[in-house]
Each structure stands twice: as structure tokens, then as C-alpha cells.
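K.L.:
First the structure, which I've put down as C-alpha cells, then a few questions once you've had a look.
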Amino acid sequence: MSLPVQLSNEYGDSHGTGKFRLHEVPAIVSPLEDCEFLEGTSVKTSFKATGVPVPEITWTKDGKKHVLDGTRVKLKKDGDEIFVVFIDDCKTEDAGHYVATVSNCEGSVMTESHIVINSE
């Protein structure tokens with residue numbers, strides 16, 4: 001919801017509109033995509049999601065909770081909306097069906113990707 005905003009200080013007044021965001025249901029703006037990589041390469045895949053408060057992300061791989069180890073498999077955030085997964089030196093066992101669940105107090109939504117790792 002946009003609201004009129006007026007700011008004043010000793011230098012003058014400024015008028016405009018501002019977006020008031022108290023809580024918003026999470027939404028996938030740009031989903032994960034299916035991808036294919038060669039074994040031994042570095043993998044990067046990402047998605048964009050919004051929500052207020054900023055959503056928490058949980059991952060599953062092939063239907064099981066996927067724990068990112070923080071060394072070879074890492075999750076990074078680019079601002080509050082872009083979530084990136086890096087897999088260094090990917091292995092054939094990294095292949096699978098990945099699901100990211102994006103949740104906050106207002107609800108949850110999922111995005112998914114099939115990752116294929118080909119041996120050389």
C-alpha cells in the first residue's frame with residue numbers, strides 16, 4: 001500500500017509516496033531452474049523471493065532435509081531477495097531434485113530444480 005509521505009527539517013520540506021509493508025506472504029519472483037553441470041565444476045543456481053518479514057529458506061534434496069555443509073555447499077544471500085546456492089567441486093551424488101521452501105509468519109511457498117551432474 002502506497003501512502004503520502006511528508007518529510008520536514010531545517011532545510012525544507014519534501015513530499016512523495018512511500019510503500020508501507022507490515023507483513024507480506026512470501027512470493028517467488030524468479031524460480032529455480034533445472035540445470036546440468038559437469039562433475040568437478042563449480043555449480044551456482046539462484047532464485048528470487050520476497051516477503052516481509054524476510055523469509056527463512058529451508059532445503060530438501062530428493063525429499064530429505066538437505067543440510068548445507070558451509071564448506072563445499074554454501075547458501076548465500078544477495079540482499080534480502082536473492083538466494084544463491086554454490087556447490088564447489090560438484091560430484092555425481094550432488095545430482096537430484098532440490099526444493100527450497102520460503103517461509104515467514106504469513107505463509108510459505110516453494111521453488112524446485114532438478115540438478116543433473118554428468119561425469120566427464
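Ligands are numbered from 1 in the order shown, residues from 1 within each chain, and chains are lettered A, B, ... in the order they appear in the C-alpha cells.
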Identify, on the basis of only C-alpha atoms, every residue whose closest approach to A:Glu24 does not exceed 12 Å; exclude the query and any residue fewer than 5 positions from it along the same chain; express the result as a tab-separated table (two decimals) with C-alpha atoms, in the first residue's frame.
P.N.:
```tsv
chain	number	residue	atom	x	y	z
A	1	MET	CA	0.00	0.00	0.00
A	49	ALA	CA	11.84	-14.40	-3.40
A	50	THR	CA	10.13	-11.63	-1.46
A	51	GLY	CA	8.26	-11.44	1.81
A	52	VAL	CA	8.00	-9.36	4.97
A	53	PRO	CA	9.48	-10.24	7.35
A	54	VAL	CA	12.38	-11.54	5.24
A	55	PRO	CA	11.69	-15.24	4.70
A	103	SER	CA	8.62	-19.21	4.80
A	104	ASN	CA	7.71	-16.40	7.15
A	105	CYS	CA	4.92	-15.82	9.67
A	106	GLU	CA	2.47	-15.12	6.81
A	107	GLY	CA	2.93	-18.41	4.92
A	108	SER	CA	5.23	-20.36	2.67
```
K.L.:
Residues at most 8 Å from A:Thr58, counting only C-alpha atoms, excluding those fewer than 2 positions away in the same chain, as a VMD selection string?
P.N.:
chain A and resid 56 60 65 100 to 102
K.L.:
Create the file for the chosen residues now, containing C-alpha atoms and written as a short mmCIF file (atom, residue, chain, number, x, y, z; two decimals), in the first residue's frame.
P.N.:
```cif
data_model
loop_
_atom_site.label_atom_id
_atom_site.label_comp_id
_atom_site.auth_asym_id
_atom_site.auth_seq_id
_atom_site.Cartn_x
_atom_site.Cartn_y
_atom_site.Cartn_z
CA GLU A 56 13.66 -18.17 6.05
CA THR A 60 15.32 -30.59 0.69
CA LYS A 65 16.20 -32.29 4.58
CA ALA A 100 13.64 -24.51 -1.49
CA THR A 101 10.80 -23.67 0.89
CA VAL A 102 10.48 -19.95 1.53
#
```
K.L.:
Out of A:Lys91, A:Glu36, A:Lys19, A:Ser113, which residue has the shortest atom-to-atom distance to A:Lys61 when counting only C-alpha atoms?
P.N.:
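The closest residue to A:Lys61 is A:Ser113.
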K.L.:
As a list in words, please: the residues near A:Ile87 (cut-off 10 Å, only C-alpha atoms, same-chain neighbours under 6 positions excluded).
P.N.:
Gly40, Thr41, Ser42, Val43, Lys44, Thr45, Leu68, Asp69, Gly70, Thr71, Arg72, Val73, Lys74, Leu75 and Asp94 of chain A
K.L.:
Can you work out the spacing between atom CA of A:Asp78 and atom CA of A:His114 in Å, to one decimal?
P.N.:
22.4 Å
K.L.:
From a DSSP pass on the backbone, collect the residues of stretch 21-112 of chain A flagged as strand (DSSP E or B) and hand them back as a ChimeraX atom specification.
P.N.:
/A:24-30,35-38,43-52,56-61,64-65,73-78,82-87,96-104,107-112
K.L.:
Please compute the atom CA of A:Val85-atom CA of A:Lys48 distance, one decimal, in Å.
P.N.:
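If I compute the distance from atom CA of A:Val85 to atom CA of A:Lys48, I get 11.9 Å.
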